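Data block for entry-v2.tsv (TSV, C-alpha atoms and all ligand atoms):
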```tsv
chain	number	residue	atom	x	y	z
M	1	MET	CA	106.09	113.50	128.50
M	2	MET	CA	106.25	112.52	124.88
M	3	PRO	CA	109.10	110.10	124.20
M	4	GLU	CA	111.97	111.46	122.14
M	5	ASN	CA	111.59	110.54	118.52
M	6	ASN	CA	114.38	107.97	118.65
M	7	ALA	CA	112.60	106.27	121.55
M	8	LEU	CA	109.20	106.36	119.91
M	9	LEU	CA	109.06	102.75	118.74
M	10	ARG	CA	110.88	101.37	121.75
M	11	ALA	CA	108.35	102.66	124.26
M	12	ALA	CA	106.09	100.10	125.95
M	13	SER	CA	103.17	102.50	125.39
M	14	THR	CA	103.73	102.64	121.60
M	15	ALA	CA	102.67	100.13	118.96
M	16	LEU	CA	103.81	99.93	115.37
M	17	LEU	CA	100.65	99.30	113.32
M	18	VAL	CA	101.51	97.59	110.02
M	19	ILE	CA	98.62	98.05	107.61
M	20	ASP	CA	97.79	95.49	104.88
M	21	VAL	CA	101.29	94.64	103.57
M	22	GLN	CA	99.78	91.84	101.50
M	23	ASN	CA	100.62	90.36	98.11
M	24	ASP	CA	97.53	91.73	96.38
M	25	PHE	CA	98.61	95.31	97.18
M	26	CYS	CA	102.12	94.72	95.82
M	27	PRO	CA	103.27	94.65	92.17
M	28	GLY	CA	101.74	91.60	90.45
M	29	GLY	CA	98.80	91.56	92.88
M	30	HIS	CA	95.10	92.05	92.11
M	31	LEU	CA	94.96	95.60	93.51
M	32	ALA	CA	98.60	96.50	93.08
M	33	VAL	CA	99.75	99.77	94.58
M	34	ALA	CA	102.69	101.31	92.67
M	35	ALA	CA	105.90	100.22	94.44
M	36	GLY	CA	103.83	98.73	97.25
M	37	ASP	CA	106.62	96.28	98.01
M	38	ALA	CA	108.97	99.21	98.71
M	39	VAL	CA	107.41	99.47	102.17
M	40	VAL	CA	108.72	96.06	103.25
M	41	ALA	CA	112.30	97.17	104.02
M	42	PRO	CA	111.41	100.25	106.10
M	43	VAL	CA	108.61	98.36	107.89
M	44	ASN	CA	111.05	95.56	108.77
M	45	ALA	CA	113.57	98.12	110.04
M	46	MET	CA	110.90	99.47	112.40
M	47	ILE	CA	109.80	95.97	113.43
M	48	ASP	CA	113.41	95.34	114.52
M	49	ILE	CA	113.24	98.08	117.13
M	50	ALA	CA	109.55	98.24	118.05
M	51	GLU	CA	108.41	96.97	121.45
M	52	ASN	CA	104.91	96.24	120.16
M	53	VAL	CA	103.87	95.29	116.64
M	54	VAL	CA	100.28	94.85	115.47
M	55	ALA	CA	99.27	94.14	111.86
M	56	THR	CA	96.09	94.33	109.84
M	57	GLN	CA	95.12	91.93	107.08
M	58	ASP	CA	92.43	92.70	104.50
M	59	TRP	CA	90.39	89.47	104.51
M	60	HIS	CA	87.39	89.30	102.20
M	61	PRO	CA	85.05	86.41	101.49
M	62	ARG	CA	84.47	85.52	97.84
M	63	GLY	CA	81.73	87.76	96.37
M	64	HIS	CA	82.43	90.58	98.85
M	65	SER	CA	80.23	93.65	98.30
M	66	SER	CA	83.31	95.86	97.73
M	67	PHE	CA	84.22	93.86	94.61
M	68	ALA	CA	82.96	95.39	91.36
M	69	SER	CA	82.37	91.87	90.04
M	70	SER	CA	79.76	91.30	92.77
M	71	HIS	CA	77.45	93.84	91.11
M	72	ALA	CA	75.84	93.75	87.69
M	73	THR	CA	77.23	96.45	85.33
M	74	ALA	CA	79.73	97.90	87.83
M	75	SER	CA	83.43	98.40	87.04
M	76	PRO	CA	86.40	98.59	89.38
M	77	PHE	CA	86.93	102.08	90.85
M	78	ASP	CA	83.26	103.05	90.37
M	79	THR	CA	81.47	104.43	93.41
M	80	MET	CA	78.32	102.71	94.65
M	81	GLU	CA	75.84	103.79	97.29
M	82	MET	CA	75.62	101.20	100.06
M	83	ALA	CA	73.35	101.11	103.13
M	84	TYR	CA	76.17	102.83	105.04
M	85	GLY	CA	77.12	105.42	102.38
M	86	ALA	CA	79.32	105.72	99.31
M	87	GLN	CA	81.69	102.82	98.67
M	88	THR	CA	84.43	102.56	96.05
M	89	LEU	CA	84.30	99.26	94.15
M	90	TRP	CA	87.56	97.36	93.76
M	91	PRO	CA	88.94	94.51	91.71
M	92	VAL	CA	88.65	91.16	93.52
M	93	HIS	CA	91.46	91.21	96.10
M	94	CYS	CA	92.59	89.68	99.40
M	95	VAL	CA	90.20	86.74	99.22
M	96	GLN	CA	90.43	84.70	102.43
M	97	ASN	CA	93.20	82.06	102.30
M	98	SER	CA	94.38	83.12	98.84
M	99	THR	CA	98.02	83.90	98.05
M	100	GLY	CA	96.98	87.50	97.42
M	101	ALA	CA	95.69	87.79	100.98
M	102	ALA	CA	98.95	86.48	102.43
M	103	PHE	CA	101.46	88.93	103.85
M	104	HIS	CA	104.36	89.86	101.57
M	105	PRO	CA	106.87	87.00	101.94
M	106	GLY	CA	109.68	89.39	102.90
M	107	LEU	CA	107.80	90.83	105.84
M	108	LYS	CA	108.98	89.91	109.36
M	109	THR	CA	105.56	88.58	110.35
M	110	GLU	CA	106.97	86.57	113.26
M	111	ALA	CA	107.05	89.84	115.20
M	112	PHE	CA	103.28	90.41	114.89
M	113	GLN	CA	101.76	90.20	118.37
M	114	MET	CA	98.23	90.63	117.09
M	115	ILE	CA	96.72	90.40	113.61
M	116	VAL	CA	93.46	92.22	113.01
M	117	ARG	CA	91.54	90.82	110.07
M	118	LYS	CA	89.00	93.13	108.48
M	119	GLY	CA	86.51	93.23	105.65
M	120	PHE	CA	85.30	89.70	106.45
M	121	ARG	CA	81.60	90.64	106.50
M	122	ALA	CA	80.17	90.27	103.00
M	123	SER	CA	77.98	93.40	103.13
M	124	VAL	CA	80.36	95.97	104.62
M	125	ASP	CA	83.91	96.95	103.71
M	126	SER	CA	86.49	97.90	106.33
M	127	TYR	CA	89.37	100.22	105.51
M	128	SER	CA	90.12	101.19	109.09
M	129	ALA	CA	91.76	98.94	111.65
M	130	PHE	CA	89.25	100.25	114.21
M	131	PHE	CA	85.83	100.60	112.55
M	132	GLU	CA	84.23	99.08	109.49
M	133	ASN	CA	83.06	101.45	106.76
M	134	ASP	CA	79.67	101.88	108.47
M	135	HIS	CA	81.73	103.76	111.13
M	136	LYS	CA	79.86	101.76	113.79
M	137	THR	CA	81.02	98.14	113.78
M	138	ILE	CA	84.21	97.78	115.81
M	139	THR	CA	87.12	95.47	115.05
M	140	GLY	CA	88.18	95.16	118.72
M	141	LEU	CA	91.59	96.78	118.19
M	142	ASP	CA	90.81	99.77	120.43
M	143	GLY	CA	89.95	97.45	123.32
M	144	TYR	CA	93.11	95.41	122.75
M	145	LEU	CA	95.37	98.47	122.72
M	146	ARG	CA	93.66	100.09	125.71
M	147	SER	CA	93.91	96.97	127.81
M	148	ARG	CA	97.63	96.87	127.00
M	149	GLN	CA	97.92	100.58	127.91
M	150	ILE	CA	99.18	101.51	124.49
M	151	ASP	CA	98.31	105.13	123.68
M	152	ARG	CA	100.68	106.01	120.86
M	153	LEU	CA	100.63	104.51	117.37
M	154	VAL	CA	103.09	104.57	114.50
M	155	LEU	CA	101.45	103.56	111.22
M	156	ALA	CA	102.97	102.26	108.01
M	157	GLY	CA	101.86	100.12	105.08
M	158	LEU	CA	99.28	100.12	102.29
M	159	ALA	CA	97.57	102.07	101.08
M	160	THR	CA	98.40	105.57	102.39
M	161	ASP	CA	95.12	107.12	101.22
M	162	TYR	CA	92.79	104.23	102.15
M	163	CYS	CA	93.52	101.79	104.93
M	164	VAL	CA	96.43	103.73	106.45
M	165	ALA	CA	94.60	107.08	106.45
M	166	PHE	CA	91.26	105.66	107.66
M	167	SER	CA	93.07	103.85	110.48
M	168	ALA	CA	95.11	106.93	111.43
M	169	LEU	CA	92.04	109.20	111.43
M	170	ASP	CA	90.00	106.80	113.59
M	171	ALA	CA	92.95	106.35	115.96
M	172	ALA	CA	93.30	110.13	116.38
M	173	ALA	CA	89.54	110.45	116.99
M	174	LEU	CA	89.81	107.71	119.63
M	175	GLY	CA	92.48	109.74	121.44
M	176	TYR	CA	95.72	108.03	120.39
M	177	GLN	CA	98.78	110.07	119.52
M	178	VAL	CA	99.35	109.08	115.91
M	179	SER	CA	102.32	109.26	113.56
M	180	VAL	CA	102.33	108.01	109.97
M	181	VAL	CA	105.69	107.08	108.46
M	182	MET	CA	105.25	108.38	104.93
M	183	PRO	CA	108.35	106.70	103.38
M	184	ALA	CA	106.97	103.36	104.65
M	185	CYS	CA	103.59	103.86	102.90
M	186	ARG	CA	102.48	103.87	99.26
M	187	ALA	CA	99.20	105.24	97.86
M	188	ILE	CA	96.49	104.20	95.41
M	189	ASP	CA	95.70	107.90	94.68
M	190	LEU	CA	92.26	107.78	93.07
M	191	HIS	CA	90.80	111.18	92.06
M	192	GLY	CA	93.11	113.17	94.35
M	193	SER	CA	92.53	110.89	97.33
M	194	LEU	CA	96.13	111.13	98.50
M	195	ALA	CA	96.20	114.93	98.78
M	196	GLY	CA	92.76	114.92	100.43
M	197	GLN	CA	93.74	112.37	103.03
M	198	ILE	CA	97.06	114.10	103.74
M	199	SER	CA	95.19	117.32	104.58
M	200	ALA	CA	92.62	115.42	106.64
M	201	MET	CA	95.39	113.73	108.64
M	202	GLN	CA	97.20	117.03	109.20
M	203	ASP	CA	93.94	118.68	110.31
M	204	ALA	CA	93.42	115.86	112.81
M	205	GLY	CA	96.80	116.52	114.43
M	206	ILE	CA	98.41	113.39	113.01
M	207	ILE	CA	102.19	113.65	112.63
M	208	LEU	CA	103.34	112.78	109.10
M	209	LEU	CA	106.96	111.70	109.42
M	210	ASP	CA	109.17	112.15	106.35
M	211	HIS	CA	111.78	109.70	107.69
M	212	VAL	CA	111.78	106.23	109.17
M	213	PRO	CA	112.23	106.44	112.94
M	214	THR	CA	115.36	104.61	114.11
M	301	LIG	C1	92.58	98.77	100.77
M	301	LIG	C2	91.12	99.19	99.07
M	301	LIG	C3	90.42	98.04	99.34
M	301	LIG	C4	93.79	99.18	101.54
M	301	LIG	C5	91.88	97.60	101.07
M	301	LIG	O1	94.43	98.32	102.19
M	301	LIG	O2	94.12	100.39	101.51
M	301	LIG	N1	92.18	99.55	99.78
M	301	LIG	N2	90.81	97.25	100.34
M	302	ZN	ZN	89.81	95.37	100.61
```
Turn the structure described in the file into structure tokens.
Amino acid sequence: MMPENNALLRAASTALLVIDVQNDFCPGGHLAVAAGDAVVAPVNAMIDIAENVVATQDWHPRGHSSFASSHATASPFDTMEMAYGAQTLWPVHCVQNSTGAAFHPGLKTEAFQMIVRKGFRASVDSYSAFFENDHKTITGLDGYLRSRQIDRLVLAGLATDYCVAFSALDAAALGYQVSVVMPACRAIDLHGSLAGQISAMQDAGIILLDHVPT
């Protein structure tokens, strides 16, 4: 049976998956998401009651192929064809060991049981917590969750239409029951990406919660 909503985060078979709540995605950061820091309070409230908490951390080497500055003549937010398909180019962000790559200082990181770093290979970006953008290379998170018998995921963080949505869609395809806590997410919203990803998540059977589970 599905746990009641108020038991969702307390269940041993559920993990809260905190996506990329890092300084560079917050106001003042290199790829700031509007009001990105507004997710910290609701994420912390969920951390307080969650049995299992896993986080992702965008973690790029200098000169990463997803940075516009790594390519002659490219500008941030352009699209470039890579070996694995179309890739949006971004401002330099979340460089390994930089302040921008650190978690937001207000986040209750002590509760993180596992931190999945992604985007550390120079030639391939990774939005999803499960697969890199080639849709083939795994991060290992699926194996970790399966071996802990976790089959239900509650996602929150940054950005709704990129790393949160890609993670949620991969999780649903892998067979997890997935909820996304919309008030604990903020979007980049490039060329209608937010509306597109909301429909894609709904079509995949992902539950989009309009409240923070308590
Ligand atoms: C993200 C763009 C580039 C995200 C990460 O966390 O949504 N977006 N890298
Ligand atoms: Zn990135």
- Item | ligand LIG 301 (chain M) neighbours within 7 Å using only C-alpha atoms and all ligand atoms, as a PyMOL selection string | chain M and resi 19-20+58+90+127+158-164
- Selection as a VMD selection string: residues within 7 Å of ligand ZN 302 (chain M) by only C-alpha atoms and all ligand atoms: chain M and resid 58 60 93 to 94 119 125 127
Keeping only C-alpha atoms, take the residues you just selected and write them out as a short mmCIF file (atom, residue, chain, number, x, y, z; two decimals), keeping the file's coordinate frame.
```cif
data_model
loop_
_atom_site.label_atom_id
_atom_site.label_comp_id
_atom_site.auth_asym_id
_atom_site.auth_seq_id
_atom_site.Cartn_x
_atom_site.Cartn_y
_atom_site.Cartn_z
CA ASP M 58 92.43 92.70 104.50
CA HIS M 60 87.39 89.30 102.20
CA HIS M 93 91.46 91.21 96.10
CA CYS M 94 92.59 89.68 99.40
CA GLY M 119 86.51 93.23 105.65
CA ASP M 125 83.91 96.95 103.71
CA TYR M 127 89.37 100.22 105.51
#
```
Can you write out as JSON lines which residues of region 167-195 of chain M fall within 12 Å of region 65-78 of chain M, alongside each residue's closest atom pair and its distance in Å to one decimal, counting all atoms listed in the file and ordering rows by chain and ascending residue number?
```
{"residue": "M:Ile188", "atom": "CA", "partner": "M:Phe77", "partner_atom": "CA", "distance": 10.8}
{"residue": "M:Asp189", "atom": "CA", "partner": "M:Phe77", "partner_atom": "CA", "distance": 11.2}
{"residue": "M:Leu190", "atom": "CA", "partner": "M:Phe77", "partner_atom": "CA", "distance": 8.1}
{"residue": "M:His191", "atom": "CA", "partner": "M:Phe77", "partner_atom": "CA", "distance": 10.0}
```
- Message: With all atoms listed in the file as the counted atoms, please give the residues lying no more than 9 Å from Gly157 (chain M), apart from itself and same-chain residues fewer than 5 positions off, as a list in words.
- Response: Leu17, Val18, Ile19, Asp20, Val21, Gly36, Val39, Val40, Val43, Cys163, Val164, Val181, Met182, Ala184, Cys185 and Arg186 of chain M
- Pick from M:Ala101, M:Ala55, M:Ala11, M:His64, whichever lies nearest to Asp24 (chain M) using all atoms listed in the file: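 Nearest candidate to Asp24 (chain M) out of M:Ala101, M:Ala55, M:Ala11, M:His64: M:Ala101.
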- Message: Restricting the calculation to only C-alpha atoms: of M:Val124, M:Ile47, M:Met114, M:Ala15, which residue gets closest to Ser179 (chain M)?
- Response: M:Ala15
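For the choices M:Ile207, M:Ala41, M:Thr56, M:Ala32, the atom-to-atom distance to Gly140 (chain M) is smallest for M:Thr56 when using all atoms listed in the file.
Proximity ranking of M:Leu155, M:Cys26, M:Met82, M:Ala122 relative to Gly100 (chain M) places M:Cys26 first, based on all atoms listed in the file.
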- Item | Top pick for closest residue to Ala7 (chain M), considering M:Ile49, M:Ala165, M:Ala171, M:Ala187 and counting all atoms listed in the file | M:Ile49
Specify the axis-aligned box that encloses all atoms of region 199-202 of chain M listed in the file after padding of 3 Å on each side, stating its centre and edge lengths in Å to one decimal as lines of an AutoDock Vina configuration file.
```
center_x = 94.9
center_y = 115.5
center_z = 106.9
size_x = 10.6
size_y = 9.6
size_z = 10.6
```
- Item | Nearest residue to Thr99 (chain M) from the set M:Pro213, M:Gly29, M:Pro183, M:Gly196 (distances using only C-alpha atoms) |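 Ranked by minimum distance to Thr99 (chain M), first place goes to M:Gly29.
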- Item | Between CA of Ser147 (chain M) and CA of Leu169 (chain M), distance in Å (one decimal) |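 Distance between the two atoms: 20.5 Å.
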- Item | 6 Å contact set for Val180 (chain M), all atoms listed in the file, chain neighbours under 4 positions out, as a PyMOL selection string | chain M and resi 154-155+208-209
Those residues with C-alpha atoms, as a short mmCIF file (atom, residue, chain, number, x, y, z; two decimals), in the frame of the given file please?
```cif
data_model
loop_
_atom_site.label_atom_id
_atom_site.label_comp_id
_atom_site.auth_asym_id
_atom_site.auth_seq_id
_atom_site.Cartn_x
_atom_site.Cartn_y
_atom_site.Cartn_z
CA VAL M 154 103.09 104.57 114.50
CA LEU M 155 101.45 103.56 111.22
CA LEU M 208 103.34 112.78 109.10
CA LEU M 209 106.96 111.70 109.42
#
```
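Reported to one decimal place, the separation of CA of Met46 (chain M) from CA of Thr214 (chain M) is 7.0 Å.
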Place all heavy atoms on region 143-154 of chain M and deliver the coordinates as a short mmCIF file (atom, residue, chain, number, x, y, z; two decimals), keeping the file's coordinate frame.
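Contents of part.cif, as written:
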```
data_model
loop_
_atom_site.label_atom_id
_atom_site.label_comp_id
_atom_site.auth_asym_id
_atom_site.auth_seq_id
_atom_site.Cartn_x
_atom_site.Cartn_y
_atom_site.Cartn_z
N GLY M 143 89.98 98.14 122.03
CA GLY M 143 89.95 97.45 123.32
C GLY M 143 91.27 96.74 123.62
O GLY M 143 91.78 96.79 124.74
N TYR M 144 91.82 96.11 122.61
CA TYR M 144 93.11 95.41 122.75
C TYR M 144 94.21 96.39 123.16
O TYR M 144 94.94 96.16 124.12
CB TYR M 144 93.45 94.71 121.44
CG TYR M 144 94.86 94.14 121.40
CD1 TYR M 144 95.15 92.90 121.97
CD2 TYR M 144 95.89 94.83 120.76
CE1 TYR M 144 96.44 92.39 121.94
CE2 TYR M 144 97.18 94.32 120.72
CZ TYR M 144 97.44 93.09 121.31
OH TYR M 144 98.72 92.58 121.27
N LEU M 145 94.30 97.50 122.43
CA LEU M 145 95.37 98.47 122.72
C LEU M 145 95.18 99.10 124.09
O LEU M 145 96.12 99.25 124.86
CB LEU M 145 95.40 99.54 121.63
CG LEU M 145 95.78 99.04 120.22
CD1 LEU M 145 95.55 100.15 119.19
CD2 LEU M 145 97.23 98.56 120.17
N ARG M 146 93.94 99.48 124.40
CA ARG M 146 93.66 100.09 125.71
C ARG M 146 94.02 99.16 126.84
O ARG M 146 94.61 99.57 127.84
CB ARG M 146 92.17 100.43 125.83
CG ARG M 146 91.85 101.81 125.33
CD ARG M 146 90.35 102.07 125.39
NE ARG M 146 90.02 103.00 124.34
CZ ARG M 146 90.13 104.33 124.47
NH1 ARG M 146 90.51 104.86 125.60
NH2 ARG M 146 89.83 105.12 123.45
N SER M 147 93.64 97.89 126.70
CA SER M 147 93.91 96.97 127.81
C SER M 147 95.40 96.71 127.96
O SER M 147 95.86 96.32 129.02
CB SER M 147 93.12 95.67 127.63
OG SER M 147 93.53 95.01 126.47
N ARG M 148 96.17 96.99 126.90
CA ARG M 148 97.63 96.87 127.00
C ARG M 148 98.28 98.22 127.31
O ARG M 148 99.50 98.34 127.29
CB ARG M 148 98.19 96.29 125.70
CG ARG M 148 97.77 94.82 125.48
CD ARG M 148 98.63 94.18 124.42
NE ARG M 148 100.03 94.31 124.79
CZ ARG M 148 101.05 94.26 123.93
NH1 ARG M 148 100.81 94.06 122.64
NH2 ARG M 148 102.29 94.39 124.33
N GLN M 149 97.46 99.23 127.57
CA GLN M 149 97.92 100.58 127.91
C GLN M 149 98.83 101.18 126.85
O GLN M 149 99.83 101.84 127.13
CB GLN M 149 98.59 100.58 129.29
CG GLN M 149 97.55 100.22 130.36
CD GLN M 149 98.15 100.07 131.74
OE1 GLN M 149 99.02 99.24 131.97
NE2 GLN M 149 97.67 100.89 132.66
N ILE M 150 98.48 100.91 125.63
CA ILE M 150 99.18 101.51 124.49
C ILE M 150 98.38 102.74 124.05
O ILE M 150 97.17 102.64 123.82
CB ILE M 150 99.30 100.49 123.35
CG1 ILE M 150 100.31 99.40 123.76
CG2 ILE M 150 99.68 101.17 122.03
CD1 ILE M 150 100.31 98.17 122.88
N ASP M 151 99.04 103.90 124.01
CA ASP M 151 98.31 105.13 123.68
C ASP M 151 98.97 105.91 122.54
O ASP M 151 98.56 107.02 122.22
CB ASP M 151 98.15 106.02 124.92
CG ASP M 151 99.49 106.41 125.54
OD1 ASP M 151 100.55 106.14 124.92
OD2 ASP M 151 99.47 106.97 126.65
N ARG M 152 100.00 105.32 121.96
CA ARG M 152 100.68 106.01 120.86
C ARG M 152 100.88 105.00 119.73
O ARG M 152 101.30 103.88 119.97
CB ARG M 152 102.03 106.52 121.37
CG ARG M 152 102.68 107.39 120.36
CD ARG M 152 103.75 108.28 120.96
NE ARG M 152 104.30 108.99 119.83
CZ ARG M 152 104.35 110.30 119.71
NH1 ARG M 152 103.97 111.07 120.69
NH2 ARG M 152 104.81 110.86 118.62
N LEU M 153 100.57 105.42 118.51
CA LEU M 153 100.63 104.51 117.37
C LEU M 153 101.49 105.08 116.27
O LEU M 153 101.44 106.28 115.97
CB LEU M 153 99.22 104.26 116.82
CG LEU M 153 98.24 103.59 117.80
CD1 LEU M 153 96.85 103.50 117.18
CD2 LEU M 153 98.73 102.20 118.19
N VAL M 154 102.27 104.21 115.66
CA VAL M 154 103.09 104.57 114.50
C VAL M 154 102.60 103.69 113.35
O VAL M 154 102.67 102.46 113.43
CB VAL M 154 104.58 104.30 114.79
CG1 VAL M 154 105.43 104.60 113.57
CG2 VAL M 154 105.04 105.14 115.99
#
```
